[in-house]
file start-v7.txt (compact mmCIF, C-alpha atoms and all ligand atoms)
# COMPACT_ATOMS: atom_id res chain seq x y z
CA MET A 1 7.20 54.03 67.34
CA SER A 2 7.13 56.80 64.76
CA ASP A 3 6.58 56.18 61.05
CA ALA A 4 10.10 57.13 60.19
CA LEU A 5 12.24 54.18 59.32
CA LYS A 6 14.79 53.58 62.05
CA LEU A 7 17.41 51.35 60.50
CA SER A 8 18.79 50.45 57.10
CA VAL A 9 21.07 47.44 56.93
CA VAL A 10 23.26 47.68 53.83
CA ILE A 11 24.78 44.43 52.62
CA PRO A 12 27.08 44.29 49.61
CA THR A 13 26.84 40.96 47.84
CA TYR A 14 28.59 39.15 45.13
CA LYS A 15 27.49 35.58 44.50
CA GLU A 16 25.91 35.16 47.90
CA VAL A 17 22.67 33.45 46.89
CA LEU A 18 22.92 30.87 49.66
CA ASN A 19 23.58 33.47 52.32
CA ILE A 20 20.89 35.98 51.38
CA PRO A 21 17.96 34.12 53.00
CA LEU A 22 20.03 33.16 56.05
CA ILE A 23 21.23 36.68 56.85
CA THR A 24 17.78 38.16 56.15
CA GLN A 25 16.07 35.75 58.52
CA LYS A 26 18.73 36.35 61.13
CA ILE A 27 18.34 40.12 60.96
CA GLY A 28 14.56 39.70 61.11
CA GLU A 29 14.84 37.64 64.30
CA VAL A 30 17.14 40.13 65.95
CA VAL A 31 15.80 43.47 64.81
CA GLY A 32 12.19 42.74 63.77
CA GLN A 33 10.68 43.08 67.24
CA HIS A 34 12.81 46.04 68.15
CA CYS A 35 12.38 48.67 65.46
CA SER A 36 11.42 49.41 61.88
CA TYR A 37 14.11 48.46 59.43
CA GLU A 38 14.95 47.63 55.83
CA VAL A 39 17.61 45.37 54.38
CA ILE A 40 19.28 46.52 51.18
CA PHE A 41 21.41 44.10 49.21
CA VAL A 42 23.67 45.72 46.68
CA ASP A 43 24.57 43.04 44.21
CA ASP A 44 27.02 43.37 41.37
CA ASN A 45 25.02 41.37 38.90
CA SER A 46 25.90 37.98 40.36
CA GLN A 47 23.25 36.25 38.23
CA ASP A 48 23.24 33.35 40.64
CA GLY A 49 19.59 33.59 41.67
CA SER A 50 20.11 36.35 44.23
CA VAL A 51 17.33 38.47 42.74
CA GLU A 52 14.89 35.54 42.86
CA ALA A 53 15.93 34.75 46.43
CA VAL A 54 15.11 38.30 47.43
CA SER A 55 11.66 38.19 45.82
CA VAL A 56 10.87 35.02 47.74
CA LEU A 57 11.85 36.83 50.94
CA GLN A 58 9.67 39.79 49.99
CA GLN A 59 6.72 37.45 49.51
CA GLN A 60 7.39 36.10 52.96
CA GLY A 61 7.02 39.65 54.26
CA TYR A 62 10.62 40.62 54.90
CA PRO A 63 11.35 44.33 54.37
CA VAL A 64 14.12 43.62 51.91
CA ARG A 65 15.16 44.79 48.48
CA ILE A 66 18.04 44.27 46.12
CA GLU A 67 19.86 46.80 44.02
CA VAL A 68 21.57 45.17 41.08
CA ARG A 69 24.45 47.10 39.57
CA THR A 70 25.51 46.20 36.10
CA GLN A 71 27.83 49.09 35.25
CA GLU A 72 30.04 49.11 38.28
CA ARG A 73 31.77 46.55 40.46
CA GLY A 74 33.46 46.65 43.82
CA LEU A 75 32.65 46.37 47.47
CA SER A 76 33.21 50.00 48.45
CA THR A 77 31.17 51.62 45.72
CA ALA A 78 28.45 49.04 46.36
CA VAL A 79 28.31 50.12 50.00
CA ILE A 80 28.15 53.79 49.05
CA HIS A 81 25.40 53.07 46.56
CA GLY A 82 23.41 51.18 49.17
CA ILE A 83 23.74 53.97 51.70
CA SER A 84 22.64 56.56 49.18
CA THR A 85 19.39 54.70 48.51
CA ALA A 86 18.76 53.99 52.19
CA GLN A 87 15.87 55.62 54.08
CA GLY A 88 16.62 54.70 57.68
CA GLU A 89 17.77 57.16 60.31
CA TYR A 90 20.68 54.84 61.09
CA ILE A 91 22.82 52.76 58.79
CA ILE A 92 24.50 49.48 59.55
CA VAL A 93 26.80 47.95 56.93
CA MET A 94 27.65 44.27 57.16
CA ASP A 95 28.76 41.28 55.13
CA ALA A 96 26.32 38.75 53.72
CA ASP A 97 28.34 35.69 54.60
CA LEU A 98 27.31 35.49 58.27
CA SER A 99 30.81 36.43 59.43
CA HIS A 100 29.27 39.38 61.20
CA PRO A 101 26.81 38.34 63.92
CA ALA A 102 23.44 40.06 63.52
CA GLU A 103 23.10 39.98 67.31
CA ALA A 104 25.59 42.83 67.50
CA ILE A 105 23.31 45.15 65.51
CA LEU A 106 21.25 46.15 68.55
CA PRO A 107 24.15 47.03 70.84
CA MET A 108 25.69 49.00 67.99
CA LEU A 109 22.44 50.82 67.35
CA SER A 110 21.96 51.63 70.99
CA LYS A 111 25.41 53.21 71.22
CA LEU A 112 24.53 55.39 68.27
CA GLU A 113 21.06 56.29 69.48
CA SER A 114 22.19 57.16 72.97
CA GLY A 115 24.92 59.38 71.58
CA VAL A 116 27.66 57.37 73.31
CA ALA A 117 29.19 56.97 69.86
CA ASP A 118 28.80 58.70 66.52
CA PHE A 119 30.33 55.75 64.67
CA CYS A 120 30.22 52.16 65.79
CA VAL A 121 32.22 49.17 64.70
CA GLY A 122 31.72 45.46 65.27
CA SER A 123 35.18 44.58 66.45
CA ARG A 124 37.27 41.43 66.69
CA TYR A 125 40.02 43.07 68.68
CA VAL A 126 38.36 44.57 71.74
CA LYS A 127 37.79 42.63 74.96
CA GLY A 128 35.15 40.01 74.31
CA GLY A 129 35.81 39.99 70.56
CA SER A 130 37.27 36.99 68.75
CA PHE A 131 37.55 35.20 65.46
CA ASP A 132 37.68 31.60 64.31
CA GLU A 133 40.94 30.04 65.36
CA ASP A 134 41.90 28.36 62.13
CA TRP A 135 43.36 31.45 60.47
CA GLY A 136 46.72 30.51 58.98
CA ILE A 137 49.75 32.44 60.15
CA PHE A 138 49.93 34.27 56.83
CA ARG A 139 46.34 35.51 56.94
CA LEU A 140 46.71 36.50 60.58
CA LEU A 141 49.94 38.43 60.09
CA ASN A 142 48.51 40.03 57.03
CA SER A 143 45.44 41.23 58.84
CA LYS A 144 47.51 42.45 61.81
CA ILE A 145 49.92 44.47 59.69
CA ALA A 146 47.06 46.01 57.73
CA THR A 147 45.44 46.96 61.04
CA TRP A 148 48.60 48.47 62.54
CA LEU A 149 49.16 50.60 59.48
CA ALA A 150 45.73 52.17 59.93
CA LEU A 151 45.94 52.82 63.66
CA PRO A 152 47.24 56.41 63.49
CA LEU A 153 44.21 57.31 61.39
CA CYS A 154 41.64 56.49 64.00
CA SER A 155 41.29 55.43 67.60
CA ILE A 156 39.69 52.04 67.16
CA LYS A 157 41.27 48.62 67.36
CA ASP A 158 39.57 47.04 64.36
CA PRO A 159 39.63 49.65 61.61
CA MET A 160 39.48 46.89 58.98
CA SER A 161 36.03 45.83 60.01
CA GLY A 162 33.37 45.77 57.34
CA PHE A 163 30.70 45.82 60.09
CA PHE A 164 29.94 49.39 61.07
CA GLY A 165 27.19 51.91 61.60
CA PHE A 166 26.42 55.59 61.97
CA GLN A 167 23.60 58.09 61.73
CA ARG A 168 22.68 58.59 58.10
CA SER A 169 22.77 62.38 58.35
CA HIS A 170 26.49 62.12 59.22
CA PHE A 171 27.39 60.36 56.01
CA PRO A 172 30.21 62.35 54.39
CA LYS A 173 29.49 64.05 51.08
CA THR A 174 30.05 61.37 48.48
CA HIS A 175 32.34 63.55 46.40
CA LEU A 176 34.77 63.43 49.33
CA LEU A 177 34.92 59.67 49.18
CA SER A 178 37.41 58.07 46.87
CA PRO A 179 36.68 54.46 47.55
CA LEU A 180 39.51 52.23 46.55
CA GLY A 181 39.34 48.58 47.40
CA TYR A 182 37.85 47.07 50.48
CA LYS A 183 38.12 49.40 53.41
CA ILE A 184 35.11 51.60 53.02
CA GLY A 185 34.41 51.63 56.78
CA LEU A 186 37.79 53.20 57.47
CA GLU A 187 37.24 55.68 54.65
CA ILE A 188 33.86 56.82 55.97
CA LEU A 189 35.24 57.03 59.48
CA VAL A 190 38.19 59.23 58.47
CA LYS A 191 36.47 61.39 55.84
CA GLY A 192 33.32 61.81 57.93
CA ARG A 193 35.53 63.21 60.70
CA PHE A 194 33.62 61.23 63.30
CA LYS A 195 34.68 62.34 66.75
CA ASN A 196 33.73 59.44 68.87
CA PRO A 197 33.98 56.01 67.29
CA GLN A 198 33.33 53.06 69.56
CA GLU A 199 33.54 49.31 69.27
CA VAL A 200 31.21 46.48 70.13
CA PRO A 201 32.92 43.10 70.49
CA ILE A 202 31.92 40.45 67.96
CA HIS A 203 32.90 36.93 67.16
CA PHE A 204 33.92 36.91 63.52
CA SER A 205 33.11 33.49 62.06
CA ASP A 206 34.53 32.18 58.85
CA ARG A 207 32.07 31.94 56.03
CA GLN A 208 30.26 28.64 55.43
CA HIS A 209 29.14 29.26 51.84
CA GLY A 210 30.92 30.74 48.85
CA GLU A 211 34.40 32.17 48.98
CA SER A 212 36.24 35.30 50.08
CA LYS A 213 37.14 37.89 47.48
CA LEU A 214 40.15 39.34 49.26
CA ASP A 215 43.21 38.84 47.08
CA LEU A 216 46.68 40.29 46.60
CA LYS A 217 45.43 43.00 44.27
CA GLU A 218 43.11 44.19 47.01
CA GLN A 219 46.05 44.47 49.35
CA VAL A 220 48.05 46.66 47.01
CA ARG A 221 44.95 48.82 46.63
CA TYR A 222 44.71 48.96 50.36
CA LEU A 223 48.19 50.47 50.65
CA ARG A 224 47.29 53.14 48.12
CA HIS A 225 44.04 53.77 49.93
CA LEU A 226 45.92 54.24 53.20
CA ARG A 227 48.26 56.72 51.60
CA ARG A 228 45.28 58.81 50.52
CA LEU A 229 43.72 58.71 53.93
CA TYR A 230 46.99 59.80 55.55
CA THR A 231 47.24 62.64 53.08
CA PHE A 232 43.66 63.64 53.90
CA LYS A 233 44.17 63.53 57.63
CA PHE A 234 47.76 64.77 58.00
CA PRO A 235 48.58 66.64 54.78
CA ALA A 236 51.91 68.25 55.67
CA ALA A 237 53.26 65.46 57.83
CA SER A 238 52.42 62.79 55.30
CA GLU A 239 54.15 64.79 52.58
CA PHE A 240 57.22 65.14 54.72
CA VAL A 241 57.35 61.42 55.43
CA GLN A 242 56.96 60.56 51.75
CA PHE A 243 59.54 63.14 50.76
CA GLY A 244 61.82 61.64 53.37
CA LEU A 245 61.27 58.10 52.09
CA VAL A 246 61.92 59.15 48.53
CA GLY A 247 64.96 61.10 49.68
CA GLY A 248 66.13 58.05 51.61
CA THR A 249 66.11 55.86 48.53
CA GLY A 250 67.73 58.67 46.54
CA PHE A 251 70.40 58.80 49.19
CA LEU A 252 71.11 55.09 48.73
CA LEU A 253 71.47 55.63 45.02
CA ASP A 254 73.69 58.63 45.66
CA SER A 255 75.91 56.54 47.94
CA LEU A 256 76.05 53.70 45.49
CA PHE A 257 77.36 55.98 42.73
CA TYR A 258 79.71 57.74 45.18
CA PHE A 259 81.42 54.48 46.09
CA CYS A 260 81.37 52.88 42.67
CA LEU A 261 82.82 55.95 40.95
CA GLN A 262 85.67 55.98 43.43
CA LEU A 263 86.29 52.31 42.78
CA ALA A 264 86.43 53.27 39.13
CA GLY A 265 89.27 55.64 39.96
CA LEU A 266 87.62 59.04 40.42
CA THR A 267 88.62 61.32 43.29
CA HIS A 268 86.20 61.49 46.19
CA ASP A 269 84.98 65.01 45.39
CA MET A 270 84.53 64.24 41.70
CA ALA A 271 82.56 61.15 42.68
CA ARG A 272 80.48 63.29 45.01
CA ALA A 273 79.72 65.86 42.33
CA ILE A 274 78.63 63.25 39.80
CA SER A 275 76.58 61.02 42.09
CA PHE A 276 74.21 63.93 42.65
CA TRP A 277 72.68 63.61 39.16
CA PRO A 278 71.14 60.16 39.13
CA ALA A 279 69.95 60.76 42.67
CA VAL A 280 68.27 64.08 41.95
CA THR A 281 66.48 62.67 38.92
CA TRP A 282 65.29 59.71 40.92
CA ASN A 283 63.99 62.02 43.65
CA TRP A 284 62.21 64.29 41.23
CA PHE A 285 60.47 61.37 39.55
CA TRP A 286 59.20 59.73 42.72
CA ASN A 287 58.20 62.99 44.36
CA ARG A 288 56.17 63.83 41.29
CA THR A 289 54.62 60.37 41.20
CA ILE A 290 54.04 59.78 44.89
CA THR A 291 54.69 62.62 47.31
CA PHE A 292 53.07 65.41 45.38
CA THR A 293 50.52 63.57 43.24
CA ASP A 294 47.76 66.04 43.89
CA ARG A 295 49.81 69.04 42.77
CA LYS A 296 49.87 70.86 39.48
CA LYS A 297 51.02 68.68 36.64
CA ASP A 298 53.62 70.98 35.15
CA SER A 299 55.41 69.70 32.10
CA LYS A 300 57.94 67.05 33.02
CA PHE A 301 61.03 68.72 31.67
CA LYS A 302 60.21 72.13 33.11
CA GLN A 303 59.49 70.65 36.47
CA TRP A 304 62.59 68.45 36.42
CA ALA A 305 64.64 71.53 35.54
CA SER A 306 63.18 73.54 38.36
CA PHE A 307 63.66 70.64 40.76
CA VAL A 308 67.27 70.36 39.64
CA THR A 309 67.74 74.12 39.98
CA THR A 310 66.36 74.36 43.47
CA SER A 311 68.10 71.13 44.36
CA GLY A 312 71.18 72.87 43.00
CA PHE A 313 70.89 75.39 45.80
CA GLY A 314 70.27 72.52 48.17
CA PHE A 315 73.32 70.88 46.67
CA VAL A 316 75.43 73.98 47.28
CA LEU A 317 74.49 73.62 50.91
CA ASN A 318 75.01 69.88 50.73
CA PHE A 319 78.33 69.89 48.87
CA GLY A 320 79.50 73.12 50.55
CA SER A 321 79.10 71.69 54.00
CA TYR A 322 80.76 68.45 52.85
CA LYS A 323 83.71 70.41 51.51
CA LEU A 324 84.03 72.63 54.56
CA LEU A 325 83.79 69.70 56.94
CA THR A 326 86.23 67.48 55.07
CA ASP A 327 88.70 70.33 54.51
CA TYR A 328 88.69 71.92 57.93
CA VAL A 329 87.24 69.63 60.58
CA PRO A 330 89.74 66.98 61.70
CA PHE A 331 87.10 64.35 62.49
CA PHE A 332 85.59 64.62 59.01
CA MET A 333 88.99 64.68 57.34
CA GLU A 334 89.34 61.16 58.68
CA HIS A 335 85.68 60.19 58.24
CA LYS A 336 84.35 61.49 54.97
CA TYR A 337 81.14 59.48 54.79
CA PRO A 338 79.52 61.09 57.86
CA ALA A 339 80.27 64.46 56.26
CA LEU A 340 78.28 63.36 53.24
CA MET A 341 75.36 62.54 55.53
CA VAL A 342 75.41 65.93 57.23
CA GLY A 343 75.39 67.59 53.85
CA VAL A 344 72.52 65.46 52.60
CA LEU A 345 70.37 66.30 55.63
CA MET A 346 70.94 70.02 55.28
CA GLY A 347 70.20 69.91 51.58
CA MET A 348 67.08 67.83 52.10
CA GLY A 349 65.49 70.16 54.65
CA PHE A 350 66.02 73.06 52.29
CA ASN A 351 64.73 71.11 49.29
CA PHE A 352 61.56 70.01 51.03
CA MET A 353 60.58 73.55 51.84
CA VAL A 354 61.24 74.82 48.36
CA ALA A 355 59.71 71.78 46.63
CA ARG A 356 56.40 72.18 48.46
CA VAL A 357 55.96 75.76 47.40
CA LEU A 358 57.78 76.26 44.12
CA VAL A 359 58.40 73.03 42.28
CA PHE A 360 55.29 70.97 42.96
CA ARG A 361 52.93 73.90 43.09
CA PRO A 362 49.64 73.51 44.93
CA LEU A 363 46.41 73.44 42.93
CA GLU A 364 44.04 76.36 43.25
CA LYS A 365 41.63 75.99 46.13
CA GLU A 366 38.43 75.51 44.11
CA VAL A 367 39.94 72.60 42.24
CA LEU A 368 41.00 70.96 45.48
CA GLU A 369 37.57 71.27 47.04
CA GLY A 370 35.88 69.74 44.04
CA ASP A 371 38.04 66.67 44.06
CA THR A 372 40.08 65.26 46.86
CA THR A 373 41.18 62.16 45.06
CA ASP A 374 44.71 62.01 43.87
CA SER A 375 45.57 61.53 40.28
CA PHE A 376 47.72 58.49 40.76
CA PRO A 377 46.89 56.39 37.73
CA GLU A 378 44.14 53.89 38.45
CA GLN A 379 44.89 50.34 37.47
CA LYS A 380 41.62 48.67 36.79
N1 LIG B 1 28.52 44.25 45.61
C1 LIG B 1 29.71 43.69 45.84
N2 LIG B 1 30.72 43.84 44.94
N3 LIG B 1 29.90 42.99 46.98
C2 LIG B 1 31.10 42.42 47.20
C3 LIG B 1 32.18 42.53 46.30
C4 LIG B 1 31.96 43.28 45.11
O1 LIG B 1 32.84 43.45 44.26
N4 LIG B 1 33.24 41.86 46.81
C5 LIG B 1 32.82 41.35 47.99
N5 LIG B 1 31.53 41.66 48.22
C6 LIG B 1 30.70 41.32 49.37
C7 LIG B 1 30.66 39.84 49.69
O2 LIG B 1 29.63 39.20 48.99
C8 LIG B 1 30.43 39.86 51.20
O3 LIG B 1 29.07 40.03 51.52
C9 LIG B 1 31.18 41.09 51.65
O4 LIG B 1 31.30 41.94 50.52
C10 LIG B 1 32.58 40.76 52.20
O5 LIG B 1 33.30 40.03 51.23
P1 LIG B 1 34.18 38.74 51.63
O6 LIG B 1 34.78 38.24 50.37
O7 LIG B 1 33.38 37.81 52.47
O8 LIG B 1 35.28 39.44 52.49
P2 LIG B 1 36.28 38.83 53.57
O9 LIG B 1 35.60 37.80 54.39
O10 LIG B 1 37.55 38.48 52.93
O11 LIG B 1 36.57 40.18 54.37
C11 LIG B 1 35.88 40.47 55.51
O12 LIG B 1 36.79 40.83 56.50
C12 LIG B 1 37.37 42.09 56.42
C13 LIG B 1 38.17 42.29 57.65
O13 LIG B 1 39.21 41.35 57.70
C14 LIG B 1 34.85 41.57 55.25
O14 LIG B 1 34.08 41.69 56.43
C15 LIG B 1 35.41 42.89 55.07
O15 LIG B 1 34.33 43.83 55.00
C16 LIG B 1 36.28 43.16 56.26
O16 LIG B 1 36.85 44.40 56.08
MN MN B 2 33.72 37.09 54.40
call {"tool": "encode", "arguments": {"input": "start-v7.txt", "output": "structure tokens", "more": "lines below"}}
Ligand code: GDD
Ligand code: MN
result
Amino acid sequence: MSDALKLSVVIPTYKEVLNIPLITQKIGEVVGQHCSYEVIFVDDNSQDGSVEAVSVLQQQGYPVRIEVRTQERGLSTAVIHGISTAQGEYIIVMDADLSHPAEAILPMLSKLESGVADFCVGSRYVKGGSFDEDWGIFRLLNSKIATWLALPLCSIKDPMSGFFGFQRSHFPKTHLLSPLGYKIGLEILVKGRFKNPQEVPIHFSDRQHGESKLDLKEQVRYLRHLRRLYTFKFPAASEFVQFGLVGGTGFLLDSLFYFCLQLAGLTHDMARAISFWPAVTWNWFWNRTITFTDRKKDSKFKQWASFVTTSGFGFVLNFGSYKLLTDYVPFFMEHKYPALMVGVLMGMGFNFMVARVLVFRPLEKEVLEGDTTDSFPEQK
């Protein structure tokens, strides 16, 4: 065995004093005979005796230390901090609460060492994996939906897992990471552009001590986190989908006005001409806020005006085709609403292309490379 440290196990903790000795002993039993290792707890100032528990373990000879953070909080940044102080050639990240079986560390490590995988996940959802049965239907569905939403980003079945490992030299540059919420494993996997992630089956047991910190706020964060990862991995496609979703809701608004104005006595083409305005303003606002967050922040009015202007051209296409179809094509003379849809689609395709280049102008390249996070306002 060489002097170089083989493995660093990084464990984020918040109020885990009862679990710290248990997980340390467990890791010692499993890994101690096999290779050199260190255990790094990254604690967000729990002040529950965690620090004292770690010094007792040190006196007993365990290669363990604790980093206490007082300025920052949060699972993901804790994990990143732990990794950046780690010395081992390989990193394994796991929970403190014994949900992740330490026995899986060696099979994970061996996949990494042999080069079979460049990223390895302890997984509930591959053959041989499982979890405690008493998950309520809500928690189960919740976890499933969260997992499905992440599937296009990576090729593994349990992208939510907080139990994962990789070679330390492959850790993505930290400025690329914009950790938001819980799913730091998924973030490292996507941003590190790992080519060959693999899974080792685990049984995920419910915690015995303390309580879970996963709440509704975390889930909203998760959705925002996913959006960023999609934008990172599929920039153009994810913009198109978001533009489409915004346009879809704008279309509903457009339709609502179109019908209501006619009920109020306006002619169908007057109604059509007016319903454009609330819809275009709606679309501008949400495209600025969501679809094109990482673009230049031009002044609101100027940008709205240029969105309206270019949308005006789109609208000429939109309204023009509506007019042509409803005036000259017998089918559409009878069925005016489908003509509206054709017009909207033509206008939208045009608008997307122009919006990407002219209205929501891209940032200069240097700025983009320095910071890949979006500027969506953080709610802390
Ligand atoms: N430092 C720090 N700061 N640690 C934290 C924080 C925090 O703000 N919040 C949670 N932790 C630690 C906990 O002490 C625990 O060791 C680990 O992170 C996981 O937290 P739990 O609260 O036990 O999470 P969970 O059981 O709901 O979620 C588990 O399942 C997910 C998959 O469904 C975890 O394994 C997640 O990592 C996993 O993604
Ligand atoms: Mn847990």
call {"tool": "residues_near_ligand", "arguments": {"input": "start-v7.txt", "ligand": "ligand MN 2 (chain B)", "cutoff": "7 Å", "atoms": "only C-alpha atoms and all ligand atoms", "output": "PDB file with C-alpha atoms, in the frame of the given file"}}
result
ATOM      1  CA  ASP A  95      28.760  41.280  55.130  1.00  0.00           C
ATOM      2  CA  ASP A  97      28.340  35.690  54.600  1.00  0.00           C
ATOM      3  CA  SER A  99      30.810  36.430  59.430  1.00  0.00           C
ATOM      4  CA  ASP A 206      34.530  32.180  58.850  1.00  0.00           C
ATOM      5  CA  ARG A 207      32.070  31.940  56.030  1.00  0.00           C
ATOM      6  CA  SER A 212      36.240  35.300  50.080  1.00  0.00           C
TER       7      SER A 212
END
call {"tool": "residues_around", "arguments": {"input": "start-v7.txt", "residues": "stretch 77-79 of chain A", "least_positions_apart": "3", "cutoff": "10 Å", "atoms": "only C-alpha atoms", "output": "ChimeraX atom specification"}}
result
/A:10-14,40-44,67-69,72-74,82-84,93-94,162,177-182,184-185
call {"tool": "residues_around", "arguments": {"input": "start-v7.txt", "residues": "A:Phe313", "least_positions_apart": "6", "cutoff": "12 Å", "atoms": "all atoms listed in the file", "output": "PyMOL selection string"}}
result
chain A and resi 306-307+319-320+346-352+354-355
call {"tool": "closest_residue", "arguments": {"input": "start-v7.txt", "among": "A:Ile20, A:Ala104, A:Leu7, A:Ile156", "to": "A:Phe204", "atoms": "all atoms listed in the file"}}
result
A:Ala104
call {"tool": "closest_residue", "arguments": {"input": "start-v7.txt", "among": "A:Leu363, A:Thr326, A:Phe251, A:Arg224", "to": "A:Asn283", "atoms": "all atoms listed in the file"}}
result
A:Phe251
call {"tool": "atom_distance", "arguments": {"input": "start-v7.txt", "atom1": "atom CA of A:His268", "atom2": "atom CA of A:Trp286"}}
result
27.3 Å
call {"tool": "axis_aligned_box", "arguments": {"input": "start-v7.txt", "around": "ligand LIG 1 (chain B)", "padding_each_side": "5 Å", "output": "AutoDock Vina command-line options"}}
result
--center_x 33.9 --center_y 41.1 --center_z 51.0 --size_x 20.7 --size_y 16.6 --size_z 23.4
call {"tool": "atom_distance", "arguments": {"input": "start-v7.txt", "atom1": "atom CA of A:Gln242", "atom2": "atom CA of A:Phe360"}}
result
13.7 Å
call {"tool": "atom_distance", "arguments": {"input": "start-v7.txt", "atom1": "atom CA of A:Asp327", "atom2": "atom CA of A:Ala271"}}
result
16.2 Å
call {"tool": "closest_residue", "arguments": {"input": "start-v7.txt", "among": "A:Pro152, A:Pro362, A:Gly88, A:Gly244", "to": "A:Lys296", "atoms": "all atoms listed in the file"}}
result
A:Pro362
call {"tool": "closest_residue", "arguments": {"input": "start-v7.txt", "among": "A:Lys127, A:Arg139, A:Lys183, A:His335", "to": "ligand LIG 1 (chain B)", "atoms": "all atoms listed in the file"}}
result
A:Lys183
